[in-house]
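S.K.: Below you'll find protein-v7.cif; it's mmCIF, C-alpha atoms (C1' of nucleotides).
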```cif
data_start
#
loop_
_atom_site.label_atom_id
_atom_site.label_comp_id
_atom_site.auth_asym_id
_atom_site.auth_seq_id
_atom_site.Cartn_x
_atom_site.Cartn_y
_atom_site.Cartn_z
CA MET A 8 -112.80 -12.75 -28.79
CA ILE A 9 -110.58 -9.72 -28.87
CA ASN A 10 -111.85 -6.21 -28.15
CA GLN A 11 -115.50 -5.21 -27.93
CA THR A 12 -116.07 -7.39 -24.84
CA ASP A 13 -114.18 -7.93 -21.59
CA ASN A 14 -111.13 -9.98 -22.29
CA ILE A 15 -111.11 -12.50 -19.48
CA GLU A 16 -107.88 -13.97 -20.67
CA THR A 17 -106.10 -10.68 -20.15
CA GLU A 18 -107.69 -10.10 -16.79
CA GLU A 19 -106.38 -13.48 -15.65
CA LYS A 20 -102.95 -12.92 -17.11
CA VAL A 21 -102.71 -9.77 -15.06
CA LEU A 22 -103.81 -11.53 -11.90
CA ASP A 23 -101.32 -14.33 -12.47
CA ALA A 24 -98.50 -11.86 -12.95
CA ALA A 25 -99.59 -9.90 -9.90
CA ARG A 26 -99.51 -13.07 -7.84
CA ASP A 27 -95.96 -13.81 -8.93
CA ILE A 28 -94.61 -10.34 -8.34
CA PHE A 29 -96.43 -9.57 -5.10
CA GLN A 30 -95.56 -12.90 -3.56
CA GLU A 31 -91.92 -12.46 -4.38
CA LYS A 32 -91.46 -8.79 -3.52
CA GLY A 33 -94.28 -7.92 -1.17
CA PHE A 34 -96.66 -5.00 -1.55
CA SER A 35 -94.20 -2.14 -1.24
CA GLY A 36 -91.43 -3.91 -3.13
CA ALA A 37 -93.62 -4.70 -6.12
CA ARG A 38 -93.91 -2.30 -9.08
CA MET A 39 -96.96 -1.98 -11.27
CA ASP A 40 -94.57 -1.75 -14.20
CA ASP A 41 -93.07 -5.13 -13.37
CA ILE A 42 -96.49 -6.73 -13.10
CA ALA A 43 -97.49 -5.29 -16.46
CA LYS A 44 -94.30 -6.51 -18.04
CA ALA A 45 -94.72 -9.99 -16.53
CA ALA A 46 -98.27 -10.10 -17.85
CA GLY A 47 -97.13 -8.90 -21.28
CA VAL A 48 -99.52 -5.98 -21.32
CA ASN A 49 -99.48 -2.24 -20.78
CA LYS A 50 -99.43 -0.67 -17.36
CA ALA A 51 -102.68 1.18 -17.96
CA LEU A 52 -104.50 -2.11 -18.28
CA LEU A 53 -103.81 -3.00 -14.69
CA HIS A 54 -105.79 0.02 -13.64
CA TYR A 55 -108.47 -0.67 -16.19
CA TYR A 56 -109.14 -4.08 -14.66
CA TYR A 57 -108.24 -3.57 -11.03
CA ARG A 58 -108.38 0.20 -10.47
CA SER A 59 -105.47 0.47 -8.03
CA LYS A 60 -102.39 -1.30 -6.75
CA ALA A 61 -103.94 -1.72 -3.32
CA ASN A 62 -106.99 -3.32 -4.86
CA LEU A 63 -104.99 -5.74 -6.97
CA PHE A 64 -102.86 -6.63 -3.98
CA ASP A 65 -105.92 -7.31 -1.91
CA ARG A 66 -107.11 -9.90 -4.38
CA VAL A 67 -103.77 -11.67 -4.28
CA PHE A 68 -103.40 -11.52 -0.54
CA LYS A 69 -106.87 -12.78 0.34
CA GLU A 70 -106.44 -15.70 -2.00
CA ALA A 71 -103.04 -16.57 -0.56
CA PHE A 72 -104.24 -16.26 2.97
CA SER A 73 -107.17 -18.58 2.55
CA GLN A 74 -105.00 -21.02 0.64
CA PHE A 75 -102.67 -21.04 3.60
CA PHE A 76 -105.37 -21.61 6.22
CA GLU A 77 -108.67 -22.94 5.04
CA LYS A 78 -107.59 -26.44 4.09
CA VAL A 79 -105.84 -27.00 7.40
CA MET A 80 -108.79 -25.77 9.34
CA GLY A 81 -110.96 -28.08 7.28
CA VAL A 82 -108.88 -31.11 8.16
CA LEU A 83 -108.82 -30.21 11.84
CA SER A 84 -112.59 -29.77 11.87
CA GLY A 85 -113.26 -33.17 10.33
CA ASP A 86 -113.74 -36.33 12.35
CA LEU A 87 -110.68 -38.28 11.32
CA PRO A 88 -108.50 -39.97 13.94
CA LEU A 89 -105.79 -37.72 15.33
CA ASP A 90 -102.87 -39.48 13.69
CA VAL A 91 -104.54 -39.33 10.29
CA LYS A 92 -105.10 -35.61 10.69
CA ILE A 93 -101.44 -35.17 11.49
CA TYR A 94 -100.32 -37.00 8.37
CA LYS A 95 -102.82 -35.16 6.22
CA ILE A 96 -101.78 -31.72 7.39
CA VAL A 97 -98.08 -32.33 6.93
CA ASP A 98 -98.70 -33.82 3.53
CA MET A 99 -100.96 -31.02 2.38
CA TYR A 100 -98.60 -28.27 3.42
CA SER A 101 -95.62 -30.03 1.92
CA SER A 102 -97.29 -30.42 -1.45
CA MET A 103 -98.76 -26.95 -1.47
CA LEU A 104 -95.56 -25.18 -0.50
CA LEU A 105 -93.34 -27.17 -2.83
CA HIS A 106 -95.43 -25.73 -5.64
CA ASN A 107 -95.74 -22.27 -4.18
CA LYS A 108 -92.45 -21.42 -2.60
CA HIS A 109 -93.10 -17.83 -1.64
CA LEU A 110 -96.50 -18.37 -0.07
CA PRO A 111 -95.69 -18.64 3.64
CA LEU A 112 -93.20 -15.79 3.79
CA PHE A 113 -95.55 -13.64 1.76
CA VAL A 114 -98.51 -14.26 4.02
CA LEU A 115 -96.55 -13.84 7.22
CA SER A 116 -94.70 -10.72 6.23
CA GLU A 117 -97.69 -8.90 4.76
CA ILE A 118 -99.86 -9.70 7.72
CA ARG A 119 -98.30 -7.01 9.88
CA GLU A 120 -99.77 -4.36 7.63
CA ASN A 121 -103.37 -5.36 8.26
CA PRO A 122 -103.18 -7.39 11.44
CA ASP A 123 -106.79 -6.62 12.27
CA HIS A 124 -109.18 -7.38 9.48
CA LEU A 125 -107.56 -10.71 8.74
CA ILE A 126 -108.97 -12.00 11.96
CA GLU A 127 -112.39 -11.73 10.37
CA MET A 128 -111.28 -14.14 7.67
CA ILE A 129 -110.64 -17.05 9.99
CA LYS A 130 -113.02 -16.38 12.82
CA ASP A 131 -115.73 -18.73 11.59
CA LYS A 132 -113.70 -21.80 10.77
CA ARG A 133 -111.45 -21.27 13.73
CA LYS A 134 -113.98 -22.19 16.41
CA ASP A 135 -115.04 -25.45 14.81
CA ALA A 136 -111.51 -26.59 14.18
CA LEU A 137 -110.30 -25.77 17.66
CA ASN A 138 -113.20 -27.21 19.56
CA ASN A 139 -112.92 -30.40 17.62
CA LEU A 140 -109.17 -30.66 18.12
CA GLU A 141 -109.35 -29.79 21.78
CA GLN A 142 -111.92 -32.48 22.40
CA GLN A 143 -109.88 -35.03 20.51
CA LEU A 144 -106.78 -34.26 22.55
CA GLN A 145 -108.75 -34.38 25.77
CA GLU A 146 -110.22 -37.78 24.91
CA GLY A 147 -106.80 -39.14 24.06
CA TYR A 148 -105.54 -37.92 27.39
CA GLU A 149 -108.39 -39.55 29.29
CA ASN A 150 -107.75 -42.79 27.38
CA GLY A 151 -104.21 -42.63 28.59
CA SER A 152 -103.04 -42.82 24.97
CA ILE A 153 -101.38 -39.37 24.85
CA ILE A 154 -100.01 -36.75 27.21
CA LYS A 155 -101.96 -33.68 28.24
CA ILE A 156 -101.45 -30.91 25.72
CA SER A 157 -103.41 -27.85 24.69
CA ALA A 158 -104.75 -27.44 21.17
CA SER A 159 -102.62 -24.35 20.60
CA GLU A 160 -99.38 -26.03 21.66
CA PHE A 161 -100.13 -29.05 19.53
CA PHE A 162 -101.04 -26.94 16.53
CA ILE A 163 -98.00 -24.71 16.77
CA ASN A 164 -95.61 -27.63 17.04
CA LEU A 165 -97.13 -29.36 14.06
CA VAL A 166 -97.16 -26.32 11.81
CA SER A 167 -93.71 -25.14 12.93
CA LEU A 168 -92.03 -28.37 11.93
CA THR A 169 -93.86 -28.45 8.63
CA VAL A 170 -93.72 -24.86 7.42
CA PHE A 171 -90.54 -23.41 8.90
CA PRO A 172 -88.12 -25.17 6.54
CA PHE A 173 -89.75 -23.37 3.62
CA LEU A 174 -89.12 -20.02 5.27
CA THR A 175 -85.43 -20.72 5.74
CA ARG A 176 -84.81 -22.23 2.38
CA PRO A 177 -82.20 -19.74 1.11
CA ILE A 178 -80.39 -20.03 4.43
CA LEU A 179 -80.37 -23.80 4.43
CA LYS A 180 -78.78 -23.52 1.04
CA GLY A 181 -75.99 -21.53 2.67
CA ILE A 182 -75.55 -23.55 5.84
CA PHE A 183 -75.97 -27.09 4.63
CA GLU A 184 -75.05 -26.56 0.98
CA GLN A 185 -78.44 -27.87 -0.06
CA ASP A 186 -79.33 -27.48 -3.69
CA GLU A 187 -82.84 -27.61 -5.10
CA ARG A 188 -83.00 -31.39 -5.24
CA ASP A 189 -81.62 -31.82 -1.73
CA PHE A 190 -84.26 -29.50 -0.42
CA GLU A 191 -87.08 -31.37 -2.12
CA LYS A 192 -85.74 -34.65 -0.86
CA MET A 193 -85.61 -33.28 2.66
CA ILE A 194 -89.20 -32.06 2.46
CA ASN A 195 -90.38 -35.39 1.13
CA ASP A 196 -88.55 -37.21 3.92
CA ARG A 197 -90.25 -34.94 6.39
CA ARG A 198 -93.68 -36.06 5.22
CA LYS A 199 -92.99 -39.14 7.29
CA SER A 200 -90.52 -37.97 9.91
CA VAL A 201 -92.53 -34.98 11.12
CA PRO A 202 -95.71 -36.96 11.83
CA ASN A 203 -93.58 -39.59 13.52
CA MET A 204 -91.97 -36.95 15.71
CA ILE A 205 -95.30 -35.44 16.65
CA ILE A 206 -96.77 -38.81 17.50
CA LYS A 207 -93.70 -39.77 19.52
CA MET A 208 -93.91 -36.48 21.33
CA LEU A 209 -97.53 -37.16 22.26
CA ARG A 210 -96.76 -40.54 23.79
CA PRO A 211 -97.08 -40.62 27.60
CA MET B 3 -69.43 18.36 22.02
CA ILE B 4 -71.87 19.76 19.52
CA ASN B 5 -70.80 20.93 16.07
CA GLN B 6 -67.24 21.24 14.81
CA THR B 7 -66.61 17.51 15.26
CA ASP B 8 -68.55 14.42 14.28
CA ASN B 9 -71.46 14.05 16.58
CA ILE B 10 -71.40 10.40 17.46
CA GLU B 11 -74.56 10.69 19.47
CA THR B 12 -76.50 11.76 16.41
CA GLU B 13 -74.97 9.11 14.24
CA GLU B 14 -76.13 6.47 16.72
CA LYS B 15 -79.57 7.98 17.09
CA VAL B 16 -79.96 7.67 13.35
CA LEU B 17 -78.81 4.07 13.34
CA ASP B 18 -81.18 3.20 16.18
CA ALA B 19 -84.09 4.76 14.36
CA ALA B 20 -83.12 3.02 11.13
CA ARG B 21 -83.08 -0.29 12.93
CA ASP B 22 -86.59 0.27 14.25
CA ILE B 23 -88.10 1.37 10.97
CA PHE B 24 -86.33 -1.09 8.68
CA GLN B 25 -87.07 -4.04 10.92
CA GLU B 26 -90.72 -3.16 11.06
CA LYS B 27 -91.32 -2.18 7.43
CA GLY B 28 -88.53 -3.78 5.46
CA PHE B 29 -86.30 -2.03 2.97
CA SER B 30 -88.88 -0.96 0.42
CA GLY B 31 -91.57 -0.21 2.98
CA ALA B 32 -89.32 2.08 5.01
CA ARG B 33 -89.13 5.84 4.32
CA MET B 34 -86.08 7.97 4.97
CA ASP B 35 -88.46 10.62 6.27
CA ASP B 36 -89.81 8.27 8.90
CA ILE B 37 -86.34 7.31 10.01
CA ALA B 38 -85.36 10.96 10.30
CA LYS B 39 -88.50 11.72 12.26
CA ALA B 40 -87.92 8.76 14.59
CA ALA B 41 -84.35 9.91 15.16
CA GLY B 42 -85.52 13.47 15.79
CA VAL B 43 -83.24 14.93 13.14
CA ASN B 44 -83.47 16.28 9.63
CA LYS B 45 -83.64 14.03 6.64
CA ALA B 46 -80.47 15.46 5.12
CA LEU B 47 -78.48 14.19 8.07
CA LEU B 48 -79.16 10.60 7.19
CA HIS B 49 -77.32 11.13 3.94
CA TYR B 50 -74.60 13.09 5.66
CA TYR B 51 -73.78 10.12 7.88
CA TYR B 52 -74.74 7.15 5.73
CA ARG B 53 -74.78 8.48 2.17
CA SER B 54 -77.71 6.41 0.90
CA LYS B 55 -80.71 4.40 1.96
CA ALA B 56 -79.17 1.20 0.65
CA ASN B 57 -76.04 1.85 2.65
CA LEU B 58 -77.91 2.51 5.86
CA PHE B 59 -80.01 -0.56 5.32
CA ASP B 60 -76.94 -2.66 4.80
CA ARG B 61 -75.62 -1.70 8.21
CA VAL B 62 -78.89 -2.68 9.86
CA PHE B 63 -79.27 -5.91 7.97
CA LYS B 64 -75.76 -7.22 8.55
CA GLU B 65 -76.07 -6.55 12.25
CA ALA B 66 -79.45 -8.28 12.45
CA PHE B 67 -78.25 -11.25 10.47
CA SER B 68 -75.24 -11.90 12.65
CA GLN B 69 -77.34 -11.41 15.76
CA PHE B 70 -79.64 -14.08 14.45
CA PHE B 71 -76.91 -16.59 13.68
CA GLU B 72 -73.59 -16.11 15.33
CA LYS B 73 -74.58 -16.94 18.88
CA VAL B 74 -76.25 -20.17 17.87
CA MET B 75 -73.30 -21.21 15.83
CA GLY B 76 -71.09 -20.42 18.80
CA VAL B 77 -73.09 -22.69 21.08
CA LEU B 78 -73.11 -25.51 18.56
CA SER B 79 -69.35 -25.23 18.09
CA GLY B 80 -68.61 -25.45 21.83
CA ASP B 81 -68.01 -28.71 23.65
CA LEU B 82 -71.04 -28.80 25.92
CA PRO B 83 -73.14 -31.95 26.20
CA LEU B 84 -75.87 -32.20 23.62
CA ASP B 85 -78.77 -31.65 25.99
CA VAL B 86 -77.15 -28.54 27.44
CA LYS B 87 -76.69 -27.14 23.97
CA ILE B 88 -80.35 -27.72 23.25
CA TYR B 89 -81.48 -25.87 26.34
CA LYS B 90 -79.06 -23.04 25.70
CA ILE B 91 -80.17 -22.47 22.13
CA VAL B 92 -83.86 -22.46 22.94
CA ASP B 93 -83.25 -20.14 25.86
CA MET B 94 -81.08 -17.75 23.88
CA TYR B 95 -83.50 -17.42 21.01
CA SER B 96 -86.47 -17.01 23.32
CA SER B 97 -84.83 -14.18 25.23
CA MET B 98 -83.46 -12.48 22.16
CA LEU B 99 -86.70 -12.60 20.20
CA LEU B 100 -88.90 -11.55 23.11
CA HIS B 101 -86.88 -8.33 23.14
CA ASN B 102 -86.64 -7.98 19.41
CA LYS B 103 -89.93 -9.03 17.96
CA HIS B 104 -89.36 -8.15 14.34
CA LEU B 105 -85.94 -9.72 14.00
CA PRO B 106 -86.72 -13.13 12.48
CA LEU B 107 -89.31 -11.97 9.98
CA PHE B 108 -87.05 -9.10 9.00
CA VAL B 109 -84.04 -11.32 8.39
CA LEU B 110 -85.98 -14.00 6.56
CA SER B 111 -87.96 -11.69 4.32
CA GLU B 112 -85.05 -9.44 3.35
CA ILE B 113 -82.82 -12.37 2.57
CA ARG B 114 -84.48 -12.99 -0.77
CA GLU B 115 -83.10 -9.71 -2.06
CA ASN B 116 -79.46 -10.66 -1.54
CA PRO B 117 -79.55 -14.43 -1.29
CA ASP B 118 -75.96 -14.74 -2.44
CA HIS B 119 -73.54 -12.61 -0.52
CA LEU B 120 -75.02 -13.57 2.81
CA ILE B 121 -73.55 -17.00 2.39
CA GLU B 122 -70.15 -15.40 2.87
CA MET B 123 -71.21 -14.19 6.28
CA ILE B 124 -71.72 -17.63 7.76
CA LYS B 125 -69.34 -19.75 5.79
CA ASP B 126 -66.56 -19.68 8.39
CA LYS B 127 -68.50 -20.46 11.55
CA ARG B 128 -70.71 -22.90 9.73
CA LYS B 129 -68.13 -25.63 9.24
CA ASP B 130 -66.99 -25.72 12.86
CA ALA B 131 -70.50 -25.79 14.22
CA LEU B 132 -71.68 -28.51 11.88
CA ASN B 133 -68.71 -30.81 12.19
CA ASN B 134 -68.92 -30.60 15.93
CA LEU B 135 -72.65 -31.25 16.01
CA GLU B 136 -72.44 -34.06 13.52
CA GLN B 137 -69.80 -35.82 15.54
CA GLN B 138 -71.79 -35.40 18.73
CA LEU B 139 -74.89 -36.91 17.13
CA GLN B 140 -72.85 -39.76 15.71
CA GLU B 141 -71.32 -40.56 19.09
CA GLY B 142 -74.72 -40.52 20.74
CA TYR B 143 -75.96 -42.94 18.12
CA GLU B 144 -73.03 -45.31 18.62
CA ASN B 145 -73.61 -45.15 22.37
CA GLY B 146 -77.14 -46.22 21.72
CA SER B 147 -78.37 -43.17 23.61
CA ILE B 148 -80.09 -41.48 20.67
CA ILE B 149 -81.52 -42.36 17.27
CA LYS B 150 -79.64 -41.78 14.06
CA ILE B 151 -80.26 -38.27 12.80
CA SER B 152 -78.40 -35.87 10.55
CA ALA B 153 -77.12 -32.54 11.81
CA SER B 154 -79.32 -30.63 9.41
CA GLU B 155 -82.49 -32.45 10.43
CA PHE B 156 -81.71 -31.96 14.09
CA PHE B 157 -80.91 -28.31 13.62
CA ILE B 158 -84.00 -27.55 11.60
CA ASN B 159 -86.30 -29.23 14.09
CA LEU B 160 -84.79 -27.36 16.99
CA VAL B 161 -84.88 -23.95 15.38
CA SER B 162 -88.33 -24.48 13.87
CA LEU B 163 -89.95 -25.16 17.21
CA THR B 164 -88.17 -22.24 18.81
CA VAL B 165 -88.43 -19.48 16.23
CA PHE B 166 -91.63 -20.19 14.31
CA PRO B 167 -94.03 -18.99 17.01
CA PHE B 168 -92.49 -15.53 16.77
CA LEU B 169 -93.22 -15.42 13.07
CA THR B 170 -96.88 -16.28 13.52
CA ARG B 171 -97.52 -14.05 16.46
CA PRO B 172 -100.22 -11.85 14.89
CA ILE B 173 -101.97 -14.96 13.61
CA LEU B 174 -101.88 -16.74 16.95
CA LYS B 175 -103.54 -13.65 18.32
CA GLY B 176 -106.34 -14.23 15.82
CA ILE B 177 -106.69 -17.98 16.11
CA PHE B 178 -106.18 -18.58 19.81
CA GLU B 179 -107.16 -15.15 21.08
CA GLN B 180 -103.77 -14.74 22.67
CA ASP B 181 -102.95 -11.32 24.04
CA GLU B 182 -99.44 -10.04 24.73
CA ARG B 183 -99.17 -11.70 28.13
CA ASP B 184 -100.48 -15.03 26.87
CA PHE B 185 -97.88 -15.02 24.17
CA GLU B 186 -95.03 -14.32 26.57
CA LYS B 187 -96.25 -17.01 28.90
CA MET B 188 -96.37 -19.47 26.03
CA ILE B 189 -92.82 -18.63 24.98
CA ASN B 190 -91.56 -19.00 28.53
CA ASP B 191 -93.29 -22.36 28.85
CA ARG B 192 -91.63 -23.43 25.64
CA ARG B 193 -88.19 -22.83 27.13
CA LYS B 194 -88.76 -26.11 28.87
CA SER B 195 -91.21 -27.93 26.66
CA VAL B 196 -89.28 -27.54 23.42
CA PRO B 197 -86.03 -29.02 24.77
CA ASN B 198 -88.05 -31.80 26.34
CA MET B 199 -89.70 -32.53 23.01
CA ILE B 200 -86.40 -32.56 21.17
CA ILE B 201 -84.83 -34.87 23.72
CA LYS B 202 -87.84 -37.17 23.67
CA MET B 203 -87.68 -37.21 19.91
CA LEU B 204 -84.04 -38.27 20.01
CA ARG B 205 -84.68 -41.23 22.28
CA PRO B 206 -84.33 -44.60 20.55
"C1'" DG C 3 -72.85 19.33 12.10
"C1'" DT C 4 -77.47 20.69 11.13
"C1'" DC C 5 -80.92 22.94 8.80
"C1'" DT C 6 -84.08 24.66 4.55
"C1'" DA C 7 -84.81 24.49 -0.08
"C1'" DT C 8 -84.62 22.20 -4.26
"C1'" DA C 9 -83.15 19.02 -7.88
"C1'" DT C 10 -84.03 14.48 -9.81
"C1'" DA C 11 -85.97 10.30 -10.29
"C1'" DA C 12 -89.57 6.72 -9.57
"C1'" DC C 13 -94.02 5.34 -9.29
"C1'" DG C 14 -99.13 5.15 -9.31
"C1'" DA C 15 -102.74 6.78 -11.78
"C1'" DT C 16 -105.50 9.15 -15.62
"C1'" DA C 17 -106.67 11.15 -20.34
"C1'" DG C 18 -107.39 10.43 -24.82
"C1'" DA C 19 -106.41 8.23 -29.36
"C1'" DC C 20 -107.22 4.03 -31.79
"C1'" DG D 14 -110.08 -3.46 -24.76
"C1'" DT D 15 -105.48 -1.76 -25.40
"C1'" DC D 16 -102.13 1.49 -26.27
"C1'" DT D 17 -99.09 6.11 -25.78
"C1'" DA D 18 -98.38 10.10 -23.45
"C1'" DT D 19 -98.58 12.60 -19.44
"C1'" DC D 20 -100.02 14.35 -14.86
"C1'" DG D 21 -99.40 14.55 -9.84
"C1'" DT D 22 -97.16 12.70 -5.88
"C1'" DT D 23 -93.95 10.96 -3.22
"C1'" DA D 24 -89.16 9.58 -2.22
"C1'" DT D 25 -84.24 9.75 -2.44
"C1'" DA D 26 -80.64 12.63 -2.77
"C1'" DT D 27 -77.94 17.06 -3.12
"C1'" DA D 28 -76.79 22.29 -2.71
"C1'" DG D 29 -76.02 25.83 -0.03
"C1'" DA D 30 -76.93 28.81 4.07
"C1'" DC D 31 -75.99 29.01 8.95
#
```
Could the structure of this file be written out as structure tokens, please?

M.R.:
Amino acid sequence: MINQTDNIETEEKVLDAARDIFQEKGFSGARMDDIAKAAGVNKALLHYYYRSKANLFDRVFKEAFSQFFEKVMGVLSGDLPLDVKIYKIVDMYSSMLLHNKHLPLFVLSEIRENPDHLIEMIKDKRKDALNNLEQQLQEGYENGSIIKISASEFFINLVSLTVFPFLTRPILKGIFEQDERDFEKMINDRRKSVPNMIIKMLRP
Amino acid sequence: MINQTDNIETEEKVLDAARDIFQEKGFSGARMDDIAKAAGVNKALLHYYYRSKANLFDRVFKEAFSQFFEKVMGVLSGDLPLDVKIYKIVDMYSSMLLHNKHLPLFVLSEIRENPDHLIEMIKDKRKDALNNLEQQLQEGYENGSIIKISASEFFINLVSLTVFPFLTRPILKGIFEQDERDFEKMINDRRKSVPNMIIKMLRP
DNA sequence: GTCTATATAACGATAGAC
DNA sequence: GTCTATCGTTATATAGAC
């Protein structure tokens, strides 16, 4: 298993380490040395498997980006009732981000660098999800069951309330003296309170 | 005015340039060369006035951080009615961030580096603002005019809905095909819609 | 106070032995 | 496939002339 053939285990160890370091420090803050050390291998191996820092970063970023978006778009595209979609999205993000604390800040802060070609990555799924959501909101409005609201406004409100607390976590620690457990409790409470807020907000 | 005595104009030009570059690229992404070029002076001057990159960065960061927090804390500490406070905070943030697009992402992403000593910077104002807000929410609850809600929950919801759109600006461009004017229009609409949402949410 | 030139260190990347 | 040693660049920082 060692030598003579590509060592997949090593290749993965490197990728795992790269994910950790890049997501915590960003592209320009991360050091190839640190990634190598975290992976428990030599620096030269990173280049052997991934050729360059930019290349390795790209792998990590694309993965993080799709993790951050594709599931949500999937839920929005489906044909579940609106309130179920709301609960699902809040729940999904809460679980995902509790286990991957640096993800949202990483994605958002690295996006400035390549603001263009990321659009390609969502363009397909985007249309489906939005058309579907827009129609659903329109129907609800014509039913008289909800107020008139655009898909973008609805989407932004929902994601803001769900994701923002993760971005401000170190600050919340300072302002409200939240420790780790307090924070988790708050997030778990918000799995119910955020959907309730959104639904209340939609009521005519 | 030139030579012989400290040239305050130059010192400020450097600080202005540093603010621009640091806020756009972050500490490790920023280059002293770029700052010098943006200030229209030689690289050696940056060290003459500010000694080191870390030192210059510190100036910029502290300023940005207090800009991001102190005003809000001031409003919360005052004795305005709750709904007025809500409108004021949303309005303040919207105006500030429309003119300083990189501020929130800059503050949030650089905070990981020094998560500790920033707590010092808010500790004083924090207590006043929170006690005041907590009492106000408690009174409203006893009046029967609003639901029971903690100060932290209230605060997070308010700031999330106000600030988050600025963090996702390049993405909104991709998902909703928003151009610059669309974005500004959306933010200006939210000066009313966000307070309305928050108030609606508070209703029993 | 401002510049040019240069020292010094850090980092990404490659060569070559095993 | 993995390591050590090293090259080449780029960045921060300083020395010294004006």

S.K.: With 8 Å as the cut-off and only C-alpha atoms counted, what is the closest atom pair between each nearby residue of chain B and chain A? Distances in Å to one decimal, ordered by chain and number, as a tab-separated table.

M.R.:
```
residue	atom	partner	partner_atom	distance
B:Ser30	CA	A:Gly36	CA	5.3
B:Gly31	CA	A:Ser35	CA	5.3
B:Leu107	CA	A:Ser116	CA	6.7
B:Leu110	CA	A:Thr175	CA	6.8
B:Ser111	CA	A:Leu112	CA	6.7
B:Ile113	CA	A:Pro177	CA	7.5
B:Arg114	CA	A:Pro177	CA	7.4
B:Pro117	CA	A:Pro177	CA	6.4
B:Ile121	CA	A:Gly181	CA	5.2
B:Ile124	CA	A:Ile182	CA	7.3
B:Lys125	CA	A:Ile182	CA	7.3
B:Arg128	CA	A:Ile182	CA	6.2
B:Ser154	CA	A:Phe183	CA	6.8
B:Ile158	CA	A:Pro172	CA	6.9
B:Asn159	CA	A:Leu168	CA	6.2
B:Ser162	CA	A:Ser167	CA	5.5
B:Leu163	CA	A:Ser167	CA	5.7
B:Phe166	CA	A:Ser167	CA	5.5
B:Pro167	CA	A:Ile163	CA	7.0
B:Leu169	CA	A:Leu115	CA	6.9
B:Thr170	CA	A:Leu115	CA	6.8
B:Pro172	CA	A:Pro122	CA	6.4
B:Ile173	CA	A:Ile126	CA	7.8
B:Gly176	CA	A:Ile126	CA	5.2
B:Ile177	CA	A:Arg133	CA	6.3
B:Phe178	CA	A:Ser159	CA	6.8
B:Met199	CA	A:Met208	CA	6.0
B:Lys202	CA	A:Met208	CA	6.5
B:Met203	CA	A:Met204	CA	6.0
```

S.K.: Expanded to explicit residues, what is the PyMOL selection byres ((chain A) within 8 of (chain C)) for this file, as a VMD selection string?

M.R.: chain A and resid 38 to 39 54 59 to 60

S.K.: Mind listing as a list of chain:residue names all residues within 10 Å of (-74.3, 11.7, 15.1), counting all atoms listed in the file?

M.R.: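 Returned residue set, sorted by chain then number, is B:Ile4, B:Asn5, B:Thr7, B:Asp8, B:Asn9, B:Ile10, B:Glu11, B:Thr12, B:Glu13, B:Glu14, B:Lys15, B:Val16, B:Leu17, B:Val43, B:Leu47, B:Leu48, B:Tyr50, B:Tyr51, C:DG3.
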
S.K.: If the cut-off is 8 Å, can you tell me the residues of chain D near chain B, counting all atoms listed in the file? I'd like them as a count of residues only.

M.R.: 3

S.K.: To one decimal in Å, tell me the separation between CA of Phe71 in chain B and CA of Ser147 in chain B.

M.R.: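 Distance reported for this atom pair: 28.4 Å.
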
S.K.: Quick one: pull the distance between CA of Phe185 in chain B and CA of Phe162 in chain A, Å, one decimal.

M.R.: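 Separation of CA of Phe185 in chain B and CA of Phe162 in chain A: 14.5 Å.
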
S.K.: Give me the result of the PyMOL selection byres ((chain A and resi 153) around 12) on this file, residue by residue, as a VMD selection string.

M.R.: chain A and resid 89 to 90 143 to 152 154 to 157 161 205 to 211

S.K.: Which one is closest to DT15 in chain D: A:Asp41, A:Asn49, A:Asp23, A:Arg66? Count only C-alpha atoms (C1' of nucleotides).

M.R.: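 Using only C-alpha atoms (C1' of nucleotides), the shortest distance to DT15 in chain D belongs to A:Asn49.
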
S.K.: Quote the spacing between CA of Glu70 in chain A and CA of Phe168 in chain B in Å to one decimal place.

M.R.: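 Interatomic distance here is 23.4 Å.
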
S.K.: Could you list, as a list of chain:residue names, every residue matched by the PyMOL selection byres ((chain B and resi 62) around 9) in this structure?

M.R.: B:Leu17, B:Asp18, B:Ala20, B:Arg21, B:Phe24, B:Gln25, B:Asn57, B:Leu58, B:Phe59, B:Asp60, B:Arg61, B:Phe63, B:Lys64, B:Glu65, B:Ala66, B:Phe67
